[in-house]
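Engineer: Take a look at start27.txt, compact mmCIF, C-alpha atoms:
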```txt
# COMPACT_ATOMS: atom_id res chain seq x y z
CA MET A 1 -28.87 -47.38 -16.33
CA ASP A 2 -26.57 -44.40 -16.80
CA ARG A 3 -23.03 -45.69 -17.22
CA THR A 4 -21.75 -42.25 -18.25
CA ILE A 5 -21.48 -41.33 -14.54
CA SER A 6 -18.09 -42.55 -13.33
CA GLY A 7 -18.36 -42.00 -9.60
CA THR A 8 -19.97 -40.28 -6.64
CA ASP A 9 -18.12 -36.98 -7.09
CA GLU A 10 -19.22 -36.65 -10.71
CA LEU A 11 -22.79 -37.61 -9.82
CA ARG A 12 -23.00 -35.00 -7.06
CA SER A 13 -21.58 -32.40 -9.44
CA VAL A 14 -24.35 -33.19 -11.96
CA GLN A 15 -26.99 -33.02 -9.22
CA LEU A 16 -25.74 -29.71 -7.84
CA ARG A 17 -25.58 -28.10 -11.28
CA LYS A 18 -29.17 -29.11 -12.06
CA LEU A 19 -30.34 -28.04 -8.60
CA THR A 20 -28.79 -24.56 -8.63
CA THR A 21 -30.00 -23.86 -12.18
CA GLY A 22 -33.58 -24.89 -11.39
CA MET A 23 -33.71 -23.23 -7.97
CA ASP A 24 -32.76 -19.83 -9.41
CA GLN A 25 -36.01 -19.82 -11.42
CA VAL A 26 -38.10 -21.29 -8.59
CA LEU A 27 -37.05 -18.67 -6.05
CA ARG A 28 -37.88 -15.87 -8.46
CA SER A 29 -41.48 -16.83 -9.16
CA ASN A 30 -42.73 -19.75 -6.99
CA SER A 31 -44.31 -18.28 -3.86
CA PHE A 32 -44.67 -21.64 -2.08
CA TRP A 33 -40.93 -22.25 -2.09
CA ARG A 34 -39.82 -18.62 -1.90
CA GLU A 35 -41.33 -18.47 1.61
CA ARG A 36 -39.57 -21.67 2.70
CA LEU A 37 -36.18 -21.81 0.97
CA HIS A 38 -33.00 -19.86 0.45
CA GLY A 39 -30.58 -19.94 -2.45
CA VAL A 40 -28.33 -22.99 -2.91
CA ARG A 41 -24.74 -22.74 -4.09
CA GLY A 42 -23.30 -25.80 -2.39
CA TRP A 43 -24.19 -28.93 -0.46
CA ASP A 44 -24.00 -27.15 2.90
CA ASP A 45 -26.73 -24.79 1.68
CA PHE A 46 -28.84 -27.72 0.52
CA GLU A 47 -28.59 -29.61 3.80
CA ARG A 48 -29.89 -26.57 5.69
CA LEU A 49 -33.09 -26.52 3.66
CA PRO A 50 -36.16 -27.66 5.62
CA LEU A 51 -37.91 -30.97 5.01
CA THR A 52 -41.35 -30.79 3.42
CA GLY A 53 -44.21 -33.26 3.90
CA LYS A 54 -47.41 -34.05 2.07
CA SER A 55 -49.53 -32.32 4.72
CA ALA A 56 -48.02 -28.92 3.81
CA LEU A 57 -48.91 -29.46 0.15
CA VAL A 58 -52.45 -30.59 0.98
CA ALA A 59 -52.93 -27.56 3.24
CA ASP A 60 -51.59 -25.20 0.56
CA GLN A 61 -54.02 -26.53 -2.06
CA GLY A 62 -56.84 -26.28 0.46
CA GLU A 63 -56.02 -22.64 1.20
CA HIS A 64 -55.35 -21.73 -2.44
CA PRO A 65 -57.60 -23.97 -4.57
CA PRO A 66 -57.48 -25.67 -6.92
CA PHE A 67 -53.70 -26.02 -7.46
CA GLY A 68 -52.05 -24.22 -4.55
CA THR A 69 -49.09 -21.84 -4.79
CA ASN A 70 -46.40 -24.33 -5.86
CA LEU A 71 -46.42 -22.97 -9.41
CA THR A 72 -43.27 -21.59 -11.00
CA PHE A 73 -44.80 -20.53 -14.32
CA PRO A 74 -48.02 -18.88 -15.54
CA MET A 75 -50.93 -21.32 -15.95
CA GLU A 76 -50.70 -21.30 -19.75
CA ARG A 77 -47.36 -23.13 -19.51
CA TYR A 78 -48.98 -26.22 -17.98
CA MET A 79 -50.45 -28.91 -20.21
CA ARG A 80 -51.21 -31.97 -18.03
CA LEU A 81 -53.20 -32.42 -14.82
CA HIS A 82 -52.96 -35.51 -12.62
CA GLN A 83 -53.62 -36.29 -8.99
CA THR A 84 -52.52 -38.69 -6.30
CA SER A 85 -54.56 -41.81 -5.63
CA GLY A 86 -55.64 -40.75 -2.14
CA SER A 87 -54.96 -44.30 -0.93
CA SER A 88 -53.53 -43.02 2.38
CA GLY A 89 -56.87 -41.42 3.27
CA ALA A 90 -55.69 -37.86 2.68
CA ARG A 91 -57.33 -35.60 0.13
CA PRO A 92 -55.75 -36.23 -3.29
CA LEU A 93 -53.11 -33.76 -4.43
CA ARG A 94 -53.51 -32.20 -7.86
CA TRP A 95 -50.28 -31.96 -9.85
CA LEU A 96 -49.52 -30.04 -13.03
CA ASP A 97 -46.84 -30.63 -15.65
CA THR A 98 -45.39 -28.42 -18.34
CA ASP A 99 -44.40 -29.96 -21.64
CA GLU A 100 -40.77 -29.91 -20.47
CA SER A 101 -41.50 -31.73 -17.22
CA TRP A 102 -43.71 -34.27 -18.98
CA GLN A 103 -40.93 -35.08 -21.42
CA TRP A 104 -38.66 -35.49 -18.37
CA TRP A 105 -41.08 -38.10 -17.00
CA LEU A 106 -41.13 -40.01 -20.29
CA ARG A 107 -37.35 -39.89 -20.69
CA ILE A 108 -36.87 -41.52 -17.28
CA TRP A 109 -39.25 -44.28 -18.31
CA THR A 110 -37.44 -44.98 -21.58
CA ASP A 111 -33.86 -44.47 -20.40
CA HIS A 112 -34.13 -46.21 -17.04
CA VAL A 113 -37.30 -48.18 -16.26
CA TYR A 114 -37.93 -49.73 -19.66
CA ARG A 115 -34.23 -50.12 -20.44
CA ALA A 116 -33.64 -52.00 -17.18
CA ALA A 117 -36.59 -54.28 -18.02
CA GLY A 118 -35.23 -54.97 -21.50
CA VAL A 119 -38.23 -53.39 -23.23
CA GLY A 120 -37.66 -52.03 -26.75
CA PRO A 121 -39.50 -50.77 -29.84
CA GLU A 122 -40.20 -54.32 -30.97
CA ASP A 123 -42.40 -54.99 -27.93
CA ARG A 124 -46.19 -54.85 -27.53
CA VAL A 125 -47.02 -53.31 -24.17
CA LEU A 126 -50.39 -53.95 -22.48
CA PHE A 127 -51.48 -51.61 -19.67
CA GLY A 128 -53.79 -53.35 -17.20
CA PHE A 129 -55.22 -50.18 -15.69
CA SER A 130 -58.33 -48.06 -15.85
CA PHE A 131 -56.97 -44.77 -17.14
CA GLY A 132 -58.07 -42.13 -14.67
CA PRO A 133 -56.33 -39.07 -13.19
CA PHE A 134 -53.57 -41.12 -11.50
CA ILE A 135 -50.33 -40.32 -13.32
CA GLY A 136 -48.50 -43.66 -13.24
CA PHE A 137 -50.53 -45.26 -16.02
CA TRP A 138 -50.22 -42.26 -18.32
CA SER A 139 -46.48 -41.79 -17.84
CA ALA A 140 -45.80 -45.48 -18.48
CA PHE A 141 -48.01 -45.31 -21.59
CA GLY A 142 -46.28 -42.16 -22.86
CA GLY A 143 -42.87 -43.69 -22.18
CA ALA A 144 -43.75 -46.74 -24.26
CA GLU A 145 -44.90 -44.45 -27.09
CA ARG A 146 -41.60 -42.54 -26.88
CA LEU A 147 -39.79 -45.85 -27.06
CA GLY A 148 -41.63 -46.77 -30.24
CA ALA A 149 -43.32 -49.85 -28.80
CA LEU A 150 -46.86 -50.85 -29.74
CA THR A 151 -49.07 -49.58 -26.89
CA ILE A 152 -52.24 -51.49 -25.97
CA PRO A 153 -54.51 -49.64 -23.48
CA GLY A 154 -56.43 -51.98 -21.22
CA GLY A 155 -58.68 -49.46 -19.52
CA ALA A 156 -62.48 -49.89 -19.23
CA MET A 157 -62.10 -53.67 -19.54
CA THR A 158 -63.02 -56.51 -17.25
CA THR A 159 -60.32 -58.93 -16.17
CA GLU A 160 -61.80 -61.51 -18.53
CA GLN A 161 -61.57 -59.06 -21.44
CA ARG A 162 -57.93 -58.31 -20.66
CA ILE A 163 -57.18 -62.02 -20.70
CA GLY A 164 -58.83 -62.14 -24.12
CA VAL A 165 -56.56 -59.30 -25.27
CA ILE A 166 -53.52 -61.28 -24.12
CA GLU A 167 -54.68 -64.28 -26.17
CA GLU A 168 -55.63 -62.32 -29.29
CA LEU A 169 -53.13 -59.43 -29.54
CA ARG A 170 -50.15 -61.27 -28.04
CA PRO A 171 -48.54 -58.50 -25.96
CA THR A 172 -45.00 -59.16 -24.76
CA VAL A 173 -45.01 -56.76 -21.77
CA PHE A 174 -47.73 -56.32 -19.16
CA LEU A 175 -47.97 -53.45 -16.63
CA CYS A 176 -50.17 -53.54 -13.52
CA THR A 177 -49.94 -53.64 -9.73
CA PRO A 178 -48.56 -56.88 -8.22
CA THR A 179 -51.90 -57.61 -6.57
CA TYR A 180 -53.74 -57.30 -9.87
CA ALA A 181 -51.23 -59.57 -11.64
CA LEU A 182 -52.12 -62.35 -9.21
CA ARG A 183 -55.82 -61.56 -9.53
CA LEU A 184 -55.65 -61.79 -13.33
CA ALA A 185 -53.72 -65.06 -13.08
CA ASP A 186 -56.39 -66.50 -10.79
CA VAL A 187 -59.20 -65.54 -13.19
CA ALA A 188 -57.22 -66.92 -16.14
CA ALA A 189 -56.88 -70.26 -14.38
CA GLN A 190 -60.63 -70.32 -13.76
CA MET A 191 -61.13 -69.68 -17.50
CA GLY A 192 -58.75 -72.49 -18.42
CA VAL A 193 -56.18 -70.06 -19.89
CA ASP A 194 -52.50 -70.90 -19.33
CA LEU A 195 -50.82 -67.50 -18.93
CA ALA A 196 -47.42 -69.17 -18.60
CA ALA A 197 -47.77 -70.25 -22.22
CA SER A 198 -48.79 -66.76 -23.40
CA SER A 199 -46.71 -64.21 -25.31
CA ILE A 200 -45.89 -62.15 -22.20
CA ARG A 201 -42.19 -62.24 -21.34
CA VAL A 202 -41.91 -59.28 -18.91
CA THR A 203 -44.29 -57.89 -16.29
CA ILE A 204 -43.60 -54.45 -14.76
CA HIS A 205 -45.18 -53.40 -11.47
CA ALA A 206 -45.48 -50.42 -9.14
CA GLY A 207 -47.79 -49.01 -6.47
CA GLU A 208 -47.00 -51.78 -3.95
CA ALA A 209 -43.91 -53.48 -2.56
CA GLY A 210 -44.91 -56.88 -3.96
CA ALA A 211 -42.65 -57.13 -7.01
CA SER A 212 -39.56 -56.83 -4.77
CA ILE A 213 -40.85 -59.45 -2.32
CA PRO A 214 -39.34 -62.80 -3.44
CA ALA A 215 -42.45 -64.90 -2.71
CA THR A 216 -44.77 -62.49 -4.54
CA ARG A 217 -42.34 -62.10 -7.45
CA GLU A 218 -42.02 -65.88 -7.75
CA ALA A 219 -45.81 -66.29 -7.74
CA ILE A 220 -46.18 -63.74 -10.55
CA GLU A 221 -43.33 -65.24 -12.58
CA THR A 222 -44.74 -68.75 -12.21
CA ALA A 223 -48.21 -67.63 -13.26
CA PHE A 224 -47.04 -65.65 -16.30
CA GLY A 225 -43.92 -67.58 -17.27
CA ALA A 226 -42.27 -64.17 -17.44
CA THR A 227 -39.68 -61.98 -15.72
CA CYS A 228 -41.20 -59.78 -13.00
CA VAL A 229 -39.73 -56.26 -12.68
CA ASP A 230 -40.31 -53.67 -9.96
CA HIS A 231 -40.50 -49.88 -10.36
CA SER A 232 -41.06 -47.03 -7.90
CA GLY A 233 -42.49 -43.57 -8.32
CA MET A 234 -44.89 -40.98 -6.93
CA THR A 235 -47.37 -38.67 -8.62
CA GLU A 236 -45.90 -35.61 -6.94
CA LEU A 237 -42.24 -36.64 -7.46
CA GLY A 238 -41.83 -38.63 -10.66
CA PRO A 239 -40.50 -42.11 -11.57
CA THR A 240 -37.80 -42.69 -8.97
CA GLY A 241 -36.43 -46.23 -9.27
CA PHE A 242 -36.16 -49.56 -11.05
CA SER A 243 -35.03 -53.12 -10.33
CA CYS A 244 -32.05 -54.67 -12.07
CA THR A 245 -30.70 -58.07 -13.08
CA GLN A 246 -29.54 -58.82 -9.52
CA ARG A 247 -33.18 -58.89 -8.35
CA ASP A 248 -32.37 -57.79 -4.82
CA GLY A 249 -33.59 -54.22 -4.65
CA LEU A 250 -34.34 -50.96 -6.46
CA HIS A 251 -31.84 -48.54 -7.98
CA LEU A 252 -32.71 -44.86 -7.54
CA VAL A 253 -32.34 -42.57 -10.56
CA GLU A 254 -29.79 -40.23 -9.01
CA THR A 255 -29.12 -38.20 -12.15
CA GLU A 256 -32.71 -36.90 -11.96
CA PHE A 257 -33.22 -36.73 -8.18
CA ILE A 258 -31.32 -36.07 -4.98
CA PHE A 259 -32.11 -38.83 -2.49
CA GLU A 260 -31.53 -38.93 1.26
CA VAL A 261 -32.36 -41.57 3.86
CA LEU A 262 -33.08 -40.06 7.27
CA ASP A 263 -33.90 -41.49 10.67
CA GLY A 264 -36.72 -40.26 12.91
CA ASP A 265 -34.61 -37.32 14.06
CA GLY A 266 -33.84 -36.21 10.50
CA ARG A 267 -30.25 -37.48 10.51
CA PRO A 268 -28.64 -39.50 7.68
CA SER A 269 -29.05 -43.21 8.29
CA PRO A 270 -28.67 -46.48 6.34
CA GLU A 271 -32.29 -47.27 7.23
CA GLY A 272 -35.17 -44.84 7.55
CA GLU A 273 -37.48 -42.62 5.49
CA LEU A 274 -36.65 -41.80 1.88
CA VAL A 275 -36.44 -38.06 1.17
CA ALA A 276 -36.27 -36.85 -2.44
CA THR A 277 -35.72 -33.70 -4.50
CA ASN A 278 -36.64 -33.82 -8.19
CA LEU A 279 -34.29 -32.16 -10.69
CA GLY A 280 -36.40 -31.90 -13.83
CA ARG A 281 -39.90 -30.86 -12.80
CA TRP A 282 -39.34 -27.19 -12.10
CA GLY A 283 -42.89 -26.10 -12.93
CA MET A 284 -44.15 -27.76 -9.73
CA PRO A 285 -41.01 -28.95 -7.92
CA LEU A 286 -40.39 -30.72 -4.64
CA VAL A 287 -37.37 -30.04 -2.45
CA ARG A 288 -36.36 -32.41 0.36
CA TYR A 289 -39.74 -34.12 0.21
CA ARG A 290 -40.58 -36.75 2.80
CA THR A 291 -41.94 -39.63 0.74
CA GLY A 292 -43.22 -41.68 3.67
CA ASP A 293 -41.42 -44.74 2.23
CA ARG A 294 -39.42 -46.90 4.62
CA VAL A 295 -36.16 -48.07 3.01
CA GLN A 296 -32.75 -49.59 3.71
CA VAL A 297 -29.65 -48.63 1.72
CA ALA A 298 -27.44 -51.33 0.19
CA ARG A 299 -23.87 -50.00 0.34
CA GLU A 300 -21.94 -52.57 -1.70
CA PRO A 301 -21.48 -52.06 -5.49
CA CYS A 302 -24.15 -53.77 -7.58
CA GLY A 303 -23.28 -56.64 -9.89
CA CYS A 304 -25.37 -55.09 -12.67
CA GLY A 305 -22.84 -52.24 -12.96
CA SER A 306 -25.24 -49.40 -12.17
CA PRO A 307 -23.59 -46.50 -10.31
CA PHE A 308 -26.90 -45.59 -8.65
CA LEU A 309 -27.78 -46.08 -4.99
CA LYS A 310 -29.72 -49.27 -4.31
CA LEU A 311 -32.50 -49.89 -1.81
CA ALA A 312 -32.12 -53.40 -0.41
CA GLY A 313 -35.31 -55.35 -1.04
CA GLY A 314 -36.99 -52.31 -2.60
CA ILE A 315 -39.40 -50.21 -0.54
CA SER A 316 -40.19 -52.11 2.64
CA GLY A 317 -43.38 -50.21 3.38
CA ARG A 318 -44.98 -46.92 4.23
CA VAL A 319 -43.95 -45.27 7.48
CA ASP A 320 -47.63 -44.80 8.39
CA ASP A 321 -48.44 -48.45 7.56
CA MET A 322 -46.35 -49.79 10.43
CA PHE A 323 -48.28 -51.74 13.06
CA THR A 324 -47.12 -53.13 16.38
CA VAL A 325 -47.77 -56.63 17.72
CA ARG A 326 -46.75 -57.11 21.36
CA GLY A 327 -43.95 -54.58 21.07
CA VAL A 328 -42.66 -55.72 17.66
CA ASN A 329 -42.89 -53.19 14.82
CA LEU A 330 -44.00 -54.78 11.53
CA TYR A 331 -44.87 -53.74 7.97
CA PRO A 332 -47.40 -55.30 5.58
CA SER A 333 -44.59 -56.32 3.21
CA GLN A 334 -43.16 -58.60 5.92
CA VAL A 335 -46.51 -60.36 6.24
CA GLU A 336 -46.92 -60.57 2.46
CA ALA A 337 -43.51 -62.25 2.14
CA ILE A 338 -44.92 -65.20 4.10
CA VAL A 339 -48.52 -65.18 2.87
CA ARG A 340 -47.50 -65.34 -0.80
CA ARG A 341 -45.71 -68.64 -0.21
CA HIS A 342 -49.20 -70.15 -0.11
CA GLY A 343 -50.77 -70.18 -3.55
CA SER A 344 -54.16 -70.96 -2.05
CA VAL A 345 -54.37 -67.43 -0.59
CA LYS A 346 -55.98 -65.23 -3.25
CA GLU A 347 -56.24 -62.03 -1.19
CA PHE A 348 -55.46 -60.86 2.34
CA ARG A 349 -55.65 -57.90 4.65
CA ILE A 350 -54.47 -57.00 8.13
CA GLU A 351 -57.12 -55.86 10.60
CA ARG A 352 -55.89 -53.72 13.46
CA ARG A 353 -57.84 -52.94 16.64
CA ARG A 354 -56.76 -50.81 19.57
CA VAL A 355 -57.44 -52.66 22.85
CA ARG A 356 -56.22 -51.18 26.16
CA HIS A 357 -53.68 -48.98 24.39
CA MET A 358 -52.20 -51.90 22.44
CA ASP A 359 -52.64 -53.14 18.87
CA GLU A 360 -54.54 -56.37 18.38
CA VAL A 361 -53.88 -57.67 14.88
CA THR A 362 -55.65 -60.32 12.80
CA LEU A 363 -54.59 -61.55 9.38
CA VAL A 364 -57.69 -62.19 7.25
CA ILE A 365 -57.18 -64.46 4.24
CA ASP A 366 -59.47 -65.18 1.30
CA CYS A 367 -58.73 -68.44 -0.49
CA GLY A 368 -61.61 -68.43 -2.95
CA ALA A 369 -62.45 -72.03 -3.80
CA ALA A 370 -59.04 -73.31 -2.68
CA THR A 371 -58.31 -75.07 0.60
CA PRO A 372 -56.93 -72.70 3.28
CA PRO A 373 -53.35 -73.34 4.46
CA GLY A 374 -54.43 -74.06 8.03
CA GLU A 375 -52.06 -73.85 11.01
CA GLN A 376 -48.98 -73.91 8.79
CA LEU A 377 -49.42 -70.24 7.91
CA SER A 378 -49.74 -69.24 11.57
CA THR A 379 -46.60 -71.19 12.39
CA GLU A 380 -44.61 -69.58 9.58
CA LEU A 381 -45.72 -66.09 10.64
CA ARG A 382 -44.70 -66.72 14.24
CA GLN A 383 -41.31 -68.18 13.27
CA ALA A 384 -40.47 -65.43 10.77
CA LEU A 385 -41.79 -62.40 12.66
CA GLY A 386 -41.24 -63.46 16.25
CA VAL A 387 -44.84 -62.83 17.32
CA ARG A 388 -48.11 -64.66 17.02
CA ILE A 389 -50.67 -63.18 14.60
CA ASP A 390 -54.16 -64.64 14.61
CA VAL A 391 -55.34 -65.87 11.20
CA ARG A 392 -58.98 -65.85 10.16
CA VAL A 393 -60.36 -67.35 6.94
CA ALA A 394 -62.89 -65.06 5.26
CA ALA A 395 -65.80 -66.25 3.14
CA PRO A 396 -64.67 -67.17 -0.39
CA ASP A 397 -64.20 -64.12 -2.64
CA SER A 398 -65.38 -61.73 0.09
CA LEU A 399 -62.28 -59.53 0.28
CA PRO A 400 -62.24 -56.74 -2.33
CA ARG A 401 -60.01 -57.14 -5.37
CA SER A 402 -58.32 -54.09 -6.84
CA GLU A 403 -56.43 -53.29 -10.02
CA ALA A 404 -54.81 -50.30 -8.29
CA LYS A 405 -53.08 -50.21 -4.90
CA ALA A 406 -54.45 -52.76 -2.48
CA VAL A 407 -55.37 -51.57 1.02
CA ARG A 408 -53.49 -53.97 3.31
CA VAL A 409 -54.02 -52.52 6.79
CA VAL A 410 -57.55 -51.72 7.96
CA THR A 411 -58.28 -50.18 11.35
CA ILE A 412 -61.37 -51.65 12.99
CA GLN A 413 -63.12 -49.41 15.52
```
Can I see the file as structure tokens?

Structural biologist:
Amino acid sequence: MDRTISGTDELRSVQLRKLTTGMDQVLRSNSFWRERLHGVRGWDDFERLPLTGKSALVADQGEHPPFGTNLTFPMERYMRLHQTSGSSGARPLRWLDTDESWQWWLRIWTDHVYRAAGVGPEDRVLFGFSFGPFIGFWSAFGGAERLGALTIPGGAMTTEQRIGVIEELRPTVFLCTPTYALRLADVAAQMGVDLAASSIRVTIHAGEAGASIPATREAIETAFGATCVDHSGMTELGPTGFSCTQRDGLHLVETEFIFEVLDGDGRPSPEGELVATNLGRWGMPLVRYRTGDRVQVAREPCGCGSPFLKLAGGISGRVDDMFTVRGVNLYPSQVEAIVRRHGSVKEFRIERRRVRHMDEVTLVIDCGAATPPGEQLSTELRQALGVRIDVRVAAPDSLPRSEAKAVRVVTIQ
């Protein structure tokens, strides 16, 4: 957390200085943005800039393969290639980094994400991911290296092998998605391994809302006997946020990004879609980028002392993940907050059907060998959400398990 920033005015001054310096270079040589933007000398100029969505970037890379026109420098300046996960169903975006922008990524990890989690050079950090082209695993790994911690790659391993690594190499920090943390804990219990007695003291998660959902966080902390920490980021943007000691939301790294929260009409709002501009990735920048994340701003000062904006409860969900049950708009994170109270539920998904122009929704739960929660879960969903959602118990271990982002909403034709 950056305590050198004393207030909003100073923070906005830092942001504007970084923005104007970077934009001068971008508008000289980046054809994607030169066609869309004008020069920025003040906040009025910035607020007149158009919003940009993922579809424009996908279209640009389709028309100008393989990397599109959002390139500020000659190709020889770029040294890393990553791509988005494609979990939303869209074609993955390819993203390039220069050495300068990659070091920016790693510095945010060390100075904000790892610092907030209390991770230092004395730690052993295990990465529970298969290392592919998705950037999150690599940036977290590089950040741990920059920190001086012992890095333990867990790619190309089965869950059982990763549990063996935990027993033998005694890592103190474990990184994975929230869903995979619970999956690993379930397998460990089947193997007779008590993760709560292991060396792990901190787990760090991203890719899903789970680590900011109290019931999911509690389930992970109980299973690992460790502190569960949330983190947010996007391949095309960078590492954007981290949870703090107050455990009630995510702080946004405002020294490295400009953040806005806008309603459906594009106006500033305490609740709406998060829009971000990165201030250190000028080789392939994003300006007023619609993240698709639904958030709510917490206005009161945080007890942890951070000057950064906080998102209450973290990221509540994706704008395009919203589903409607009898006129009530809901997000998967709201369902997860109730489902995770039941330890017998090992995996779940929400099936959505369109019947006579209305959504029909069924919650499908997989309890493995455990006894399903029965009518109690249906009752809790109805009381908490205000609508009835049908619950169906799937065959044991029939729902897919994932170590990356879990697909929570499935449309059934």

Engineer: From the set A:Leu377, A:Ile220, A:Leu93, A:Ala209, which residue has the shortest atom-to-atom contact distance to Ala56 (chain A), counting only C-alpha atoms?

Structural biologist: A:Leu93

Engineer: Nearest to Pro121 (chain A): which of A:Cys302, A:Leu81, A:Gly62, A:Gly143 is it, counting only C-alpha atoms?

Structural biologist: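 When distances to Pro121 (chain A) are compared using only C-alpha atoms, the smallest one comes from A:Gly143.
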
Engineer: Smallest atom-to-atom distance to Thr52 (chain A): which of A:Thr235, A:Gln103, A:Thr172, A:Thr291, using all atoms listed in the file?

Structural biologist: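 Counting all atoms listed in the file, the residue closest to Thr52 (chain A) is A:Thr291.
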
Engineer: Take CA of Phe257 (chain A) and CA of Ala404 (chain A) and report the distance between them in Å, one decimal.

Structural biologist: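 Atom-to-atom, CA of Phe257 (chain A) to CA of Ala404 (chain A), that is 25.5 Å.
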
Engineer: Do a neighbour search on region 338-349 of chain A at 10 Å with all atoms listed in the file, toss out local chain neighbours closer than 5 positions, and write the hits as a ChimeraX atom specification.

Structural biologist: /A:179,182-183,186,210,213-220,332-333,362-373,376-378,380-381,384-385,392-394,396-402,406-410

Engineer: Keeping C-alpha atoms for every residue in the selection just given, could you write it to a file as a tab-separated table (two decimals), in the frame of the given file?

Structural biologist:
```
chain	number	residue	atom	x	y	z
A	179	THR	CA	-51.90	-57.61	-6.57
A	182	LEU	CA	-52.12	-62.35	-9.21
A	183	ARG	CA	-55.82	-61.56	-9.53
A	186	ASP	CA	-56.39	-66.50	-10.79
A	210	GLY	CA	-44.91	-56.88	-3.96
A	213	ILE	CA	-40.85	-59.45	-2.32
A	214	PRO	CA	-39.34	-62.80	-3.44
A	215	ALA	CA	-42.45	-64.90	-2.71
A	216	THR	CA	-44.77	-62.49	-4.54
A	217	ARG	CA	-42.34	-62.10	-7.45
A	218	GLU	CA	-42.02	-65.88	-7.75
A	219	ALA	CA	-45.81	-66.29	-7.74
A	220	ILE	CA	-46.18	-63.74	-10.55
A	332	PRO	CA	-47.40	-55.30	5.58
A	333	SER	CA	-44.59	-56.32	3.21
A	362	THR	CA	-55.65	-60.32	12.80
A	363	LEU	CA	-54.59	-61.55	9.38
A	364	VAL	CA	-57.69	-62.19	7.25
A	365	ILE	CA	-57.18	-64.46	4.24
A	366	ASP	CA	-59.47	-65.18	1.30
A	367	CYS	CA	-58.73	-68.44	-0.49
A	368	GLY	CA	-61.61	-68.43	-2.95
A	369	ALA	CA	-62.45	-72.03	-3.80
A	370	ALA	CA	-59.04	-73.31	-2.68
A	371	THR	CA	-58.31	-75.07	0.60
A	372	PRO	CA	-56.93	-72.70	3.28
A	373	PRO	CA	-53.35	-73.34	4.46
A	376	GLN	CA	-48.98	-73.91	8.79
A	377	LEU	CA	-49.42	-70.24	7.91
A	378	SER	CA	-49.74	-69.24	11.57
A	380	GLU	CA	-44.61	-69.58	9.58
A	381	LEU	CA	-45.72	-66.09	10.64
A	384	ALA	CA	-40.47	-65.43	10.77
A	385	LEU	CA	-41.79	-62.40	12.66
A	392	ARG	CA	-58.98	-65.85	10.16
A	393	VAL	CA	-60.36	-67.35	6.94
A	394	ALA	CA	-62.89	-65.06	5.26
A	396	PRO	CA	-64.67	-67.17	-0.39
A	397	ASP	CA	-64.20	-64.12	-2.64
A	398	SER	CA	-65.38	-61.73	0.09
A	399	LEU	CA	-62.28	-59.53	0.28
A	400	PRO	CA	-62.24	-56.74	-2.33
A	401	ARG	CA	-60.01	-57.14	-5.37
A	402	SER	CA	-58.32	-54.09	-6.84
A	406	ALA	CA	-54.45	-52.76	-2.48
A	407	VAL	CA	-55.37	-51.57	1.02
A	408	ARG	CA	-53.49	-53.97	3.31
A	409	VAL	CA	-54.02	-52.52	6.79
A	410	VAL	CA	-57.55	-51.72	7.96
```

Engineer: What lies within 12 Å of Arg382 (chain A) using all atoms listed in the file, ignoring chain neighbours under 3 positions off, as a list in words?

Structural biologist: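 Neighbouring residues, sequence-local ones excluded: Val325, Val328, Gln334, Val335, Ile338, Glu375, Gln376, Leu377, Ser378, Thr379, Leu385, Gly386, Val387, Arg388, Ile389, Asp390 and Val391 of chain A.
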
Engineer: Report as a list in words all protein, DNA and RNA residues lying within 10 Å of Arg299 (chain A), evaluated on only C-alpha atoms, omitting residues in the same chain fewer than 6 positions from it.

Structural biologist: Pro270, Leu309, Lys310, Leu311 and Ala312 of chain A

Engineer: Show which residues sit within 12 Å of Pro268 (chain A), as a list in words. Count all atoms listed in the file, and ignore same-chain residues fewer than 6 positions away.

Structural biologist: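 My list of contacting residues is Glu47, Phe259, Glu260, Val261, Leu262, Leu274, Val275, Gln296 and Val297 of chain A.
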
Engineer: Show me as a ChimeraX atom specification the residues that reach within 10 Å of (-33.7, -26.4, -8.3), counting only C-alpha atoms and using the file's own coordinates.

Structural biologist: /A:15-27,39-40,277-282,285-287

Engineer: In terms of the shortest atom-to-atom distance over all atoms listed in the file, which of A:Asp60, A:Asp97, A:Asp265, A:Glu360 is closest to Leu237 (chain A)?

Structural biologist: A:Asp97
